[in-house]
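Peer 1: What follows is the file start-v1.txt, containing compact mmCIF, C-alpha atoms and all ligand atoms:
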```
# COMPACT_ATOMS: atom_id res chain seq x y z
CA MET G 124 -13.86 45.63 11.88
CA LEU G 125 -14.37 43.02 9.18
CA SER G 126 -11.53 40.65 8.70
CA HIS G 127 -10.87 38.99 5.37
CA ALA G 128 -8.39 36.50 6.72
CA PRO G 129 -9.53 32.96 5.91
CA GLU G 130 -11.22 31.27 8.84
CA ILE G 131 -9.08 28.80 10.78
CA ARG G 132 -10.95 25.50 11.06
CA GLY G 133 -9.46 22.46 12.70
CA ARG G 134 -10.91 19.07 13.49
CA PHE G 135 -10.91 16.06 15.74
CA ALA G 136 -11.33 12.82 13.78
CA PRO G 137 -11.57 9.96 16.27
CA SER G 138 -12.40 6.42 15.19
CA PRO G 139 -14.84 4.70 17.58
CA THR G 140 -12.93 1.43 17.28
CA GLY G 141 -10.93 1.63 20.53
CA PRO G 142 -10.95 3.75 23.67
CA LEU G 143 -8.91 6.95 23.79
CA HIS G 144 -5.46 6.62 25.33
CA VAL G 145 -3.14 9.36 26.50
CA GLY G 146 -1.54 9.56 23.05
CA ASN G 147 -4.89 10.37 21.41
CA ALA G 148 -5.56 12.85 24.20
CA ARG G 149 -2.30 14.66 23.59
CA THR G 150 -2.96 14.95 19.86
CA ALA G 151 -6.47 16.24 20.59
CA LEU G 152 -5.11 18.77 23.09
CA LEU G 153 -2.59 20.09 20.56
CA ALA G 154 -5.22 20.28 17.79
CA TRP G 155 -7.51 22.20 20.14
CA LEU G 156 -4.77 24.60 21.28
CA ASP G 157 -3.54 25.21 17.75
CA VAL G 158 -7.00 26.28 16.62
CA ARG G 159 -8.25 28.05 19.74
CA SER G 160 -5.04 30.09 20.10
CA ARG G 161 -5.76 31.50 16.63
CA GLY G 162 -9.44 32.14 17.27
CA GLY G 163 -10.58 29.31 15.00
CA ARG G 164 -13.42 26.78 15.07
CA LEU G 165 -13.25 23.05 15.66
CA VAL G 166 -15.20 20.30 13.99
CA MET G 167 -15.77 16.89 15.57
CA ARG G 168 -15.96 14.24 12.85
CA VAL G 169 -16.47 10.63 13.83
CA GLU G 170 -14.60 8.23 11.51
CA ASP G 171 -16.87 5.22 11.74
CA LEU G 172 -16.52 3.68 8.28
CA ASP G 173 -14.91 0.49 9.48
CA GLY G 174 -18.26 -1.04 10.41
CA PRO G 175 -17.23 -4.35 11.98
CA ARG G 176 -14.61 -2.67 14.18
CA VAL G 177 -16.88 0.15 15.38
CA ARG G 178 -17.92 -0.51 18.98
CA PRO G 179 -21.38 0.56 20.11
CA GLY G 180 -21.31 3.26 22.74
CA LEU G 181 -17.70 4.19 22.08
CA GLU G 182 -18.50 7.39 20.18
CA ALA G 183 -20.41 8.78 23.15
CA ARG G 184 -17.64 7.73 25.51
CA ILE G 185 -14.91 9.36 23.38
CA LEU G 186 -16.83 12.63 23.18
CA ASP G 187 -17.49 12.53 26.90
CA GLU G 188 -13.83 11.90 27.71
CA LEU G 189 -12.63 14.73 25.50
CA ARG G 190 -15.07 17.07 27.26
CA TRP G 191 -13.89 15.77 30.63
CA LEU G 192 -10.38 16.84 29.55
CA GLY G 193 -11.68 20.36 28.99
CA LEU G 194 -11.81 20.27 25.19
CA ASP G 195 -14.77 21.48 23.16
CA TRP G 196 -15.87 21.86 19.55
CA ASP G 197 -18.29 23.98 17.55
CA GLU G 198 -19.82 21.46 15.16
CA GLY G 199 -20.23 17.72 15.49
CA PRO G 200 -22.60 14.75 15.57
CA ASP G 201 -23.79 15.69 19.04
CA MET G 202 -24.66 19.30 18.22
CA GLY G 203 -25.05 19.46 14.45
CA GLY G 204 -23.77 22.29 12.31
CA PRO G 205 -24.00 23.61 8.76
CA LEU G 206 -21.57 21.16 7.13
CA GLY G 207 -22.76 17.84 8.52
CA PRO G 208 -23.55 15.06 8.83
CA TYR G 209 -20.50 14.66 11.07
CA ARG G 210 -20.36 10.86 11.12
CA GLN G 211 -18.58 9.43 8.11
CA ALA G 212 -20.95 6.48 7.89
CA GLU G 213 -23.74 8.99 7.19
CA ARG G 214 -21.80 10.65 4.37
CA GLY G 215 -22.09 7.85 1.80
CA GLU G 216 -23.51 10.13 -0.89
CA VAL G 217 -20.67 12.63 -0.59
CA HIS G 218 -18.08 9.86 -0.82
CA ALA G 219 -19.85 8.14 -3.72
CA ALA G 220 -20.01 11.41 -5.68
CA ALA G 221 -16.27 11.93 -5.21
CA LEU G 222 -15.54 8.39 -6.34
CA ASP G 223 -17.72 8.90 -9.41
CA ARG G 224 -15.77 11.99 -10.33
CA LEU G 225 -12.48 10.11 -10.05
CA ARG G 226 -13.83 7.26 -12.17
CA GLU G 227 -15.21 9.58 -14.81
CA ALA G 228 -11.88 11.39 -15.04
CA GLY G 229 -10.12 8.04 -15.47
CA LEU G 230 -8.27 8.63 -12.21
CA ALA G 231 -9.67 5.58 -10.44
CA PHE G 232 -9.74 2.09 -11.91
CA PRO G 233 -11.29 -1.20 -10.74
CA CYS G 234 -8.86 -3.70 -9.24
CA PHE G 235 -9.78 -7.37 -8.97
CA CYS G 236 -6.64 -8.59 -7.19
CA SER G 237 -6.71 -10.37 -3.87
CA ARG G 238 -4.17 -9.46 -1.20
CA ALA G 239 -2.26 -12.68 -1.84
CA GLU G 240 -2.05 -11.95 -5.57
CA ILE G 241 -0.63 -8.50 -4.86
CA SER G 242 2.10 -9.77 -2.54
CA GLN G 243 3.03 -12.44 -5.01
CA ALA G 244 3.23 -10.11 -7.98
CA SER G 245 5.04 -7.24 -6.30
CA GLN G 246 8.78 -6.95 -6.02
CA ALA G 247 10.06 -6.74 -2.46
CA PRO G 248 12.45 -3.74 -2.80
CA HIS G 249 9.64 -1.23 -2.81
CA ALA G 250 7.58 -2.72 -0.02
CA SER G 251 6.59 -0.08 2.53
CA ASP G 252 5.48 -0.72 6.09
CA GLU G 253 1.94 -0.63 4.77
CA GLY G 254 2.56 -3.66 2.63
CA PRO G 255 3.92 -4.21 -0.82
CA ARG G 256 3.68 -1.65 -3.58
CA TYR G 257 0.70 -2.31 -5.82
CA PRO G 258 2.25 -3.86 -8.92
CA GLY G 259 -0.23 -2.30 -11.34
CA THR G 260 -1.88 -5.58 -12.36
CA CYS G 261 -5.32 -4.08 -13.13
CA ARG G 262 -4.17 -0.56 -14.07
CA ASP G 263 -4.50 -0.92 -17.83
CA LEU G 264 -6.95 -3.76 -18.40
CA SER G 265 -8.97 -3.70 -21.59
CA PRO G 266 -12.76 -3.44 -21.25
CA ALA G 267 -13.02 -7.13 -22.16
CA GLU G 268 -10.51 -8.14 -19.47
CA ARG G 269 -12.38 -6.03 -16.94
CA ALA G 270 -15.66 -7.65 -17.83
CA ALA G 271 -14.14 -11.12 -17.53
CA ARG G 272 -12.61 -10.38 -14.13
CA SER G 273 -15.66 -8.68 -12.71
CA ALA G 274 -17.56 -11.92 -13.18
CA ARG G 275 -15.15 -13.45 -10.64
CA ARG G 276 -15.36 -10.88 -7.84
CA PRO G 277 -16.46 -7.29 -7.23
CA PRO G 278 -13.58 -4.85 -7.61
CA ALA G 279 -11.94 -2.43 -5.23
CA TRP G 280 -11.18 0.97 -6.76
CA ARG G 281 -7.67 2.33 -6.88
CA PHE G 282 -6.38 5.83 -7.47
CA ARG G 283 -4.00 6.04 -10.41
CA ALA G 284 -0.91 7.46 -8.68
CA PRO G 285 0.98 9.81 -11.00
CA ASP G 286 4.72 9.30 -11.42
CA GLY G 287 7.02 11.60 -9.51
CA PRO G 288 7.32 12.95 -6.00
CA VAL G 289 4.61 14.75 -4.06
CA SER G 290 5.99 17.52 -1.89
CA PHE G 291 4.37 19.65 0.76
CA ARG G 292 5.29 21.70 3.79
CA ASP G 293 4.33 20.26 7.12
CA ARG G 294 4.17 22.74 10.01
CA VAL G 295 6.16 20.39 12.24
CA HIS G 296 8.32 18.40 9.83
CA GLY G 297 9.02 21.16 7.29
CA GLU G 298 9.49 20.18 3.66
CA CYS G 299 8.25 16.61 3.03
CA ILE G 300 8.61 14.60 -0.14
CA PHE G 301 6.94 11.25 -0.81
CA ASP G 302 6.95 9.30 -4.03
CA VAL G 303 3.55 7.65 -3.84
CA ALA G 304 3.84 5.88 -7.20
CA ALA G 305 7.19 4.34 -6.28
CA THR G 306 6.32 3.31 -2.72
CA VAL G 307 2.66 2.39 -2.26
CA GLY G 308 1.67 2.72 -5.91
CA ASP G 309 -1.97 3.05 -6.97
CA PHE G 310 -3.81 3.10 -3.65
CA VAL G 311 -7.30 1.95 -2.71
CA VAL G 312 -10.02 4.62 -2.59
CA ALA G 313 -12.99 2.26 -2.24
CA ARG G 314 -13.04 -1.29 -0.95
CA ALA G 315 -14.63 -4.15 -2.82
CA ASP G 316 -17.58 -4.08 -0.39
CA GLY G 317 -18.25 -0.48 -1.45
CA VAL G 318 -16.93 1.19 1.71
CA PRO G 319 -14.83 4.26 0.89
CA ALA G 320 -11.21 3.97 1.99
CA TYR G 321 -9.76 6.29 4.61
CA GLN G 322 -7.61 8.20 2.06
CA LEU G 323 -10.65 9.21 0.04
CA ALA G 324 -13.11 9.82 2.86
CA VAL G 325 -10.72 11.89 4.98
CA ALA G 326 -9.74 14.22 2.13
CA VAL G 327 -13.29 14.65 0.83
CA ASP G 328 -14.69 15.27 4.32
CA ASP G 329 -11.94 17.65 5.42
CA ALA G 330 -12.59 19.68 2.27
CA ALA G 331 -16.40 19.55 2.66
CA MET G 332 -16.11 20.65 6.29
CA ARG G 333 -13.78 23.47 5.19
CA VAL G 334 -10.97 22.27 7.41
CA SER G 335 -8.03 24.64 6.94
CA ASP G 336 -5.72 22.94 9.42
CA VAL G 337 -5.18 19.23 9.93
CA LEU G 338 -3.20 18.38 13.06
CA ARG G 339 -2.74 14.66 13.77
CA GLY G 340 -0.21 12.04 14.81
CA ASP G 341 2.86 11.65 12.64
CA ASP G 342 2.06 8.03 11.84
CA LEU G 343 -0.22 9.61 9.22
CA LEU G 344 2.47 11.78 7.61
CA PRO G 345 2.97 9.48 4.57
CA SER G 346 -0.82 9.35 4.08
CA SER G 347 -0.86 13.10 3.51
CA ALA G 348 0.85 12.69 0.15
CA ARG G 349 -1.94 10.35 -1.00
CA GLN G 350 -4.57 12.72 0.30
CA ILE G 351 -2.92 15.62 -1.54
CA LEU G 352 -3.25 13.63 -4.77
CA VAL G 353 -6.96 13.16 -4.02
CA TYR G 354 -7.45 16.88 -3.27
CA ARG G 355 -5.71 17.83 -6.49
CA ALA G 356 -7.63 15.32 -8.58
CA LEU G 357 -10.94 16.66 -7.25
CA GLY G 358 -9.88 20.31 -7.46
CA LEU G 359 -10.22 20.76 -3.69
CA PRO G 360 -8.12 23.11 -1.57
CA VAL G 361 -5.31 21.37 0.33
CA PRO G 362 -5.29 22.15 4.07
CA ALA G 363 -2.18 22.98 6.10
CA PHE G 364 -0.79 19.86 7.75
CA ALA G 365 0.89 19.52 11.14
CA HIS G 366 1.95 16.01 12.18
CA VAL G 367 2.89 15.83 15.83
CA PRO G 368 5.09 13.12 17.35
CA LEU G 369 3.30 10.22 18.91
CA VAL G 370 3.36 9.25 22.54
CA VAL G 371 5.33 6.04 23.09
CA GLY G 372 5.60 3.56 25.94
CA PRO G 373 8.76 3.14 28.05
CA ASP G 374 10.08 0.71 25.41
CA GLY G 375 9.96 3.43 22.76
CA GLU G 376 7.18 1.63 20.88
CA ARG G 377 4.00 3.39 19.85
CA LEU G 378 1.56 3.39 22.74
CA ALA G 379 -0.59 0.28 22.83
CA LYS G 380 -2.62 -1.82 25.22
CA ARG G 381 0.42 -3.79 26.35
CA HIS G 382 1.73 -0.66 28.08
CA GLY G 383 -0.91 -1.09 30.73
CA ALA G 384 -3.82 1.00 31.83
CA LEU G 385 -3.43 4.05 29.69
CA SER G 386 -6.96 4.57 28.44
CA LEU G 387 -8.49 7.82 29.57
CA GLY G 388 -11.39 5.90 31.04
CA GLU G 389 -9.11 3.88 33.26
CA LEU G 390 -7.14 6.90 34.42
CA ARG G 391 -10.39 8.69 35.17
CA GLU G 392 -11.74 5.75 37.13
CA ARG G 393 -8.60 5.67 39.18
CA GLY G 394 -9.35 9.21 40.28
CA VAL G 395 -6.82 11.05 38.12
CA ALA G 396 -8.10 14.63 37.79
CA PRO G 397 -8.31 16.17 34.32
CA ALA G 398 -5.94 18.98 35.38
CA GLU G 399 -3.40 16.37 36.42
CA LEU G 400 -3.62 14.55 33.12
CA VAL G 401 -3.63 17.73 31.03
CA GLY G 402 -0.67 18.92 33.12
CA MET G 403 1.18 15.72 32.29
CA LEU G 404 0.38 16.03 28.58
CA ALA G 405 1.37 19.70 28.61
CA ALA G 406 4.66 18.91 30.34
CA ALA G 407 5.36 16.18 27.79
CA SER G 408 4.78 18.81 25.10
CA GLY G 409 7.02 21.53 26.50
CA LEU G 410 4.01 23.66 27.42
CA ALA G 411 4.10 23.49 31.22
CA PRO G 412 6.57 22.52 33.93
CA ARG G 413 6.51 18.95 35.17
CA GLY G 414 3.90 18.37 37.85
CA ALA G 415 1.77 21.32 36.72
CA ARG G 416 -2.01 21.07 37.12
CA VAL G 417 -3.57 22.95 34.25
CA MET G 418 -6.63 22.84 32.03
CA PRO G 419 -6.50 23.37 28.24
CA ALA G 420 -7.93 26.89 28.59
CA ASP G 421 -4.92 27.86 30.73
CA LEU G 422 -2.58 27.02 27.85
CA VAL G 423 -4.28 28.91 25.02
CA GLN G 424 -2.60 32.24 25.45
CA GLY G 425 0.78 32.32 23.77
CA PHE G 426 0.50 28.71 22.53
CA ARG G 427 3.01 27.97 19.80
CA LEU G 428 3.23 24.71 17.95
CA ASP G 429 6.97 25.11 17.49
CA VAL G 430 7.72 24.58 21.19
CA VAL G 431 6.36 21.02 20.99
CA PRO G 432 9.38 18.68 20.95
CA ARG G 433 9.92 16.71 17.78
CA GLN G 434 10.81 13.52 19.58
CA PRO G 435 8.07 11.18 20.75
CA ALA G 436 6.91 11.72 24.34
CA ARG G 437 7.41 8.68 26.59
CA VAL G 438 4.94 7.70 29.27
CA ASP G 439 4.70 4.73 31.58
CA GLY G 440 1.74 2.51 32.38
CA ARG G 441 0.29 4.98 34.87
CA GLY G 442 0.39 7.86 32.45
CA SER G 443 3.46 9.54 33.94
CA ILE G 444 6.20 10.96 31.77
CA VAL G 445 9.29 8.82 31.47
CA PRO G 446 12.51 10.87 31.30
N1 LIG G 501 -9.58 8.54 12.35
C1 LIG G 501 -8.14 8.49 12.38
C2 LIG G 501 -7.68 7.87 13.70
O1 LIG G 501 -8.41 7.88 14.66
C3 LIG G 501 -7.51 9.86 12.26
C4 LIG G 501 -7.51 10.32 10.89
C5 LIG G 501 -6.94 11.69 10.68
O2 LIG G 501 -6.69 12.44 11.64
O3 LIG G 501 -6.76 12.02 9.52
O4 LIG G 501 -6.57 7.39 13.73
```
Could I get this structure in the form of structure tokens?
Ligand code: GLU
Peer 2:
Amino acid sequence: MLSHAPEIRGRFAPSPTGPLHVGNARTALLAWLDVRSRGGRLVMRVEDLDGPRVRPGLEARILDELRWLGLDWDEGPDMGGPLGPYRQAERGEVHAAALDRLREAGLAFPCFCSRAEISQASQAPHASDEGPRYPGTCRDLSPAERAARSARRPPAWRFRAPDGPVSFRDRVHGECIFDVAATVGDFVVARADGVPAYQLAVAVDDAAMRVSDVLRGDDLLPSSARQILVYRALGLPVPAFAHVPLVVGPDGERLAKRHGALSLGELRERGVAPAELVGMLAAASGLAPRGARVMPADLVQGFRLDVVPRQPARVDGRGSIVP
């Protein structure tokens, strides 16, 4: 029987700038389960735009470790697919075309400010944890002012954030409202060195790869509002978002190197079996009893995103759940 339901397509979007830790593994497991339990396809997209921070060999290691965990995907840099290339650094033309469209529509403008100038000019009350709100210095420059400033330094490009709140429904957080203009302000879509910014590249690539479902860590929840503005400006369909709680260390802080040996590579070297690690991640997600040894495929049937607790999962330096 032919089905006309839209295809479910999810994605993994690792950055090859640091090794995977158990927090990344849990997000990947949930993204995989969410898509596989609904019969969908998964795309592996490598987010390697931050050239100087990309570490050689890390992409292959990340893919290998995800496979070791029992996860798989249907399209990606290692196997190809109809909507590639699947490395962002190879998608320059797609990103440049999107930026051109924003420029032509007057929705992106060149900004000549340095970081220091922005902090100086912005008023503290609206500073977000991503830095101060862009004060709008270059928003409405005349062509003559632009020409004069561009002689000084090449510009970054900023998206002209419209006034008013952006609201959307997140599958974990429910109704979300962010006022982009009042908090971050006009945000960067291309850096002065020509590299597209995350907010542009991620939205353009998710749309081009026909991603229907974005599941990622909830540190990126506020970014979704910016991405929605980009989708709308380019007339692209907005995917469904699910932002899952992060994994934190025993101190309640977002998992980081200081919490000890929590990279997948280190756990693997120590002889931790994938079923042990997946069991731990599943238990921390309300999907299996504590101490269970399971593989992702064992969790597909009956998987429901709404059983995943909304509080961050805590783990200690050995990768065990902290009560
Ligand atoms: N590449 C990003 C990261 O590794 C994830 C971006 C996303 O999921 O939208 O943190």
Peer 1: Write out, as JSON lines, each residue of chain G that has an atom at most 6 Å from ligand LIG 501 (chain G), together with the closest pair of atoms and their distance in Å to one decimal, counting only C-alpha atoms and all ligand atoms, rows going by chain and rising number.
Peer 2:
```
{"residue": "G:Ala136", "atom": "CA", "partner": "G:LIG501", "partner_atom": "N1", "distance": 4.8}
{"residue": "G:Pro137", "atom": "CA", "partner": "G:LIG501", "partner_atom": "O1", "distance": 4.1}
{"residue": "G:Ser138", "atom": "CA", "partner": "G:LIG501", "partner_atom": "O1", "distance": 4.3}
{"residue": "G:Glu170", "atom": "CA", "partner": "G:LIG501", "partner_atom": "N1", "distance": 5.1}
{"residue": "G:Arg339", "atom": "CA", "partner": "G:LIG501", "partner_atom": "O2", "distance": 5.0}
```
Peer 1: Which one of G:Arg413, G:His366, G:His218, G:Arg149 sits closest to Asp293 of chain G if you count only C-alpha atoms?
Peer 2: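 For Asp293 of chain G, the nearest of the given residues is G:His366.
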Peer 1: Quick one: of G:Val417, G:Leu323, G:Leu143, G:Val337, who's nearest to Gly388 of chain G, counting only C-alpha atoms?
Peer 2: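 Smallest separation from Gly388 of chain G among the options: G:Leu143.
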Peer 1: Of the residues G:Asp173, G:Asp374, G:Asp157, G:Asp309, which is the one nearest to Arg134 of chain G, using all atoms listed in the file?
Peer 2: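 Using all atoms listed in the file, Arg134 of chain G sits closest to G:Asp157.
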Peer 1: Could you please determine the separation between atom CA of Arg314 of chain G and atom CA of Gly215 of chain G in Å, to one decimal place?
Peer 2: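 Atom CA of Gly215 of chain G lies 13.2 Å from atom CA of Arg314 of chain G.
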Peer 1: I need the residue nearest Asp421 of chain G from this list: G:Arg283, G:Arg159, G:Arg355, G:His296. Use all atoms listed in the file for the distance.
Peer 2: G:Arg159
Peer 1: Quick one: residues within 10 Å of segment 150-154 of chain G, only C-alpha atoms counted, chain neighbours fewer than 4 positions away excluded, as a compact mmCIF listing (two decimals) with C-alpha atoms, in the frame of the given file?
Peer 2:
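Once written, part-v3.txt looks like this:
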```
# COMPACT_ATOMS: atom_id res chain seq x y z
CA GLY G 133 -9.46 22.46 12.70
CA ARG G 134 -10.91 19.07 13.49
CA PHE G 135 -10.91 16.06 15.74
CA ALA G 136 -11.33 12.82 13.78
CA PRO G 137 -11.57 9.96 16.27
CA VAL G 145 -3.14 9.36 26.50
CA GLY G 146 -1.54 9.56 23.05
CA VAL G 158 -7.00 26.28 16.62
CA ARG G 159 -8.25 28.05 19.74
CA LEU G 165 -13.25 23.05 15.66
CA LEU G 189 -12.63 14.73 25.50
CA LEU G 192 -10.38 16.84 29.55
CA GLY G 193 -11.68 20.36 28.99
CA LEU G 194 -11.81 20.27 25.19
CA ASP G 336 -5.72 22.94 9.42
CA VAL G 337 -5.18 19.23 9.93
CA LEU G 338 -3.20 18.38 13.06
CA ARG G 339 -2.74 14.66 13.77
CA GLY G 340 -0.21 12.04 14.81
CA ASP G 341 2.86 11.65 12.64
CA ALA G 365 0.89 19.52 11.14
CA HIS G 366 1.95 16.01 12.18
CA VAL G 367 2.89 15.83 15.83
CA PRO G 368 5.09 13.12 17.35
CA LEU G 369 3.30 10.22 18.91
CA VAL G 370 3.36 9.25 22.54
CA VAL G 401 -3.63 17.73 31.03
CA LEU G 404 0.38 16.03 28.58
CA ALA G 405 1.37 19.70 28.61
CA SER G 408 4.78 18.81 25.10
CA MET G 418 -6.63 22.84 32.03
CA PRO G 419 -6.50 23.37 28.24
CA LEU G 422 -2.58 27.02 27.85
CA PHE G 426 0.50 28.71 22.53
CA ARG G 427 3.01 27.97 19.80
CA LEU G 428 3.23 24.71 17.95
CA VAL G 431 6.36 21.02 20.99
```
Peer 1: Can you work out the spacing between atom CA of Gly174 of chain G and atom CA of Leu343 of chain G in Å, to one decimal?
Peer 2: 21.0 Å
Peer 1: Pick out the closest residue to Val325 of chain G from this set: G:Asp302, G:Asp171, G:Asp195, G:Asp263. Count only C-alpha atoms.
Peer 2: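 Going through G:Asp302, G:Asp171, G:Asp195, G:Asp263 one by one, the smallest distance to Val325 of chain G is for G:Asp171.
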Peer 1: When distances are computed from only C-alpha atoms, which of G:Val371, G:Leu230, G:Val311, G:Val395 shows the smallest separation from Pro435 of chain G?
Peer 2: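 Going through G:Val371, G:Leu230, G:Val311, G:Val395 one by one, the smallest distance to Pro435 of chain G is for G:Val371.
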Peer 1: Could you please determine the separation between atom CA of Pro208 of chain G and atom CA of Tyr321 of chain G in Å, to one decimal place?
Peer 2: 16.9 Å
Peer 1: Find the smallest box with edges along x, y and z containing every listed atom of segment 335-350 of chain G, then add 5 Å on each side and report centre and edge lengths in Å to one decimal, as AutoDock Vina command-line options.
Peer 2:
```
--center_x -2.5 --center_y 16.3 --center_z 6.9 --size_x 21.0 --size_y 26.6 --size_z 25.8
```
Peer 1: As a list in words, please: the residues near Pro233 of chain G (cut-off 10 Å, only C-alpha atoms, same-chain neighbours under 6 positions excluded).
Peer 2: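 Counting only C-alpha atoms, the residues come to Arg226, Cys261, Arg262, Asp263, Leu264, Arg269, Arg272, Ser273, Pro277, Pro278, Ala279, Trp280, Arg281, Phe282, Val311, Ala313, Arg314 and Ala315 of chain G.
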Peer 1: Taking (5.8, 10.9, -3.3) in the file's own coordinates, collect the residues within 8 Å, counting all atoms listed in the file, and hand them back as a list in words.
Peer 2: Gly287, Pro288, Val289, Ser290, Ile300, Phe301, Asp302, Val303, Ala304, Ala305, Thr306 and Ala348 of chain G
Peer 1: Could you write those residues out with C-alpha atoms, as an mmCIF file, in the coordinates of the input?
Peer 2:
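What follows is the written file out-v4.cif:
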```
data_model
loop_
_atom_site.group_PDB
_atom_site.id
_atom_site.type_symbol
_atom_site.label_atom_id
_atom_site.label_comp_id
_atom_site.auth_asym_id
_atom_site.auth_seq_id
_atom_site.Cartn_x
_atom_site.Cartn_y
_atom_site.Cartn_z
ATOM 1 C CA GLY G 287 7.020 11.600 -9.510
ATOM 2 C CA PRO G 288 7.320 12.950 -6.000
ATOM 3 C CA VAL G 289 4.610 14.750 -4.060
ATOM 4 C CA SER G 290 5.990 17.520 -1.890
ATOM 5 C CA ILE G 300 8.610 14.600 -0.140
ATOM 6 C CA PHE G 301 6.940 11.250 -0.810
ATOM 7 C CA ASP G 302 6.950 9.300 -4.030
ATOM 8 C CA VAL G 303 3.550 7.650 -3.840
ATOM 9 C CA ALA G 304 3.840 5.880 -7.200
ATOM 10 C CA ALA G 305 7.190 4.340 -6.280
ATOM 11 C CA THR G 306 6.320 3.310 -2.720
ATOM 12 C CA ALA G 348 0.850 12.690 0.150
#
```
Peer 1: For Glu216 of chain G, list every protein, DNA or RNA residue within 12 Å, evaluated using all atoms listed in the file, and leave out those in the same chain fewer than 5 positions away; present the list as a PyMOL selection string.
Peer 2: chain G and resi 208+211+221-223+317-319+324+327-328
Peer 1: Just need segment 293-310 of chain G in a file, please: N, CA and C atoms, as a compact mmCIF listing (two decimals), in the first residue's frame.
Peer 2:
```txt
# COMPACT_ATOMS: atom_id res chain seq x y z
N ASP G 293 8.24 22.85 20.72
CA ASP G 293 9.31 21.86 20.80
C ASP G 293 8.69 20.57 21.34
N ARG G 294 9.12 19.42 20.82
CA ARG G 294 8.48 18.16 21.22
C ARG G 294 8.81 17.79 22.66
N VAL G 295 9.85 18.37 23.23
CA VAL G 295 10.17 18.10 24.63
C VAL G 295 9.73 19.26 25.52
N HIS G 296 10.03 20.47 25.10
CA HIS G 296 9.79 21.65 25.94
C HIS G 296 8.42 22.27 25.76
N GLY G 297 7.66 21.81 24.76
CA GLY G 297 6.35 22.41 24.51
C GLY G 297 6.50 23.77 23.84
N GLU G 298 5.58 24.68 24.19
CA GLU G 298 5.57 25.99 23.53
C GLU G 298 6.79 26.81 23.95
N CYS G 299 7.57 27.30 23.00
CA CYS G 299 8.77 28.09 23.31
C CYS G 299 8.64 29.45 22.65
N ILE G 300 9.07 30.46 23.35
CA ILE G 300 9.02 31.81 22.78
C ILE G 300 10.36 32.49 23.03
N PHE G 301 10.98 32.97 21.96
CA PHE G 301 12.24 33.71 22.11
C PHE G 301 12.11 35.03 21.35
N ASP G 302 12.59 36.09 21.95
CA ASP G 302 12.60 37.36 21.24
C ASP G 302 14.04 37.58 20.76
N VAL G 303 14.29 37.17 19.54
CA VAL G 303 15.65 37.23 19.00
C VAL G 303 16.13 38.69 18.94
N ALA G 304 15.26 39.57 18.42
CA ALA G 304 15.68 40.96 18.25
C ALA G 304 16.05 41.59 19.59
N ALA G 305 15.33 41.23 20.65
CA ALA G 305 15.58 41.88 21.94
C ALA G 305 16.71 41.21 22.72
N THR G 306 17.08 40.00 22.38
CA THR G 306 18.12 39.31 23.17
C THR G 306 19.46 39.25 22.46
N VAL G 307 19.53 38.54 21.34
CA VAL G 307 20.82 38.52 20.61
C VAL G 307 20.89 39.63 19.56
N GLY G 308 19.73 40.03 19.06
CA GLY G 308 19.72 41.05 18.01
C GLY G 308 20.07 40.46 16.66
N ASP G 309 20.49 41.29 15.74
CA ASP G 309 20.86 40.83 14.40
C ASP G 309 22.05 39.88 14.54
N PHE G 310 21.90 38.65 14.09
CA PHE G 310 22.94 37.66 14.36
C PHE G 310 23.77 37.36 13.10
```
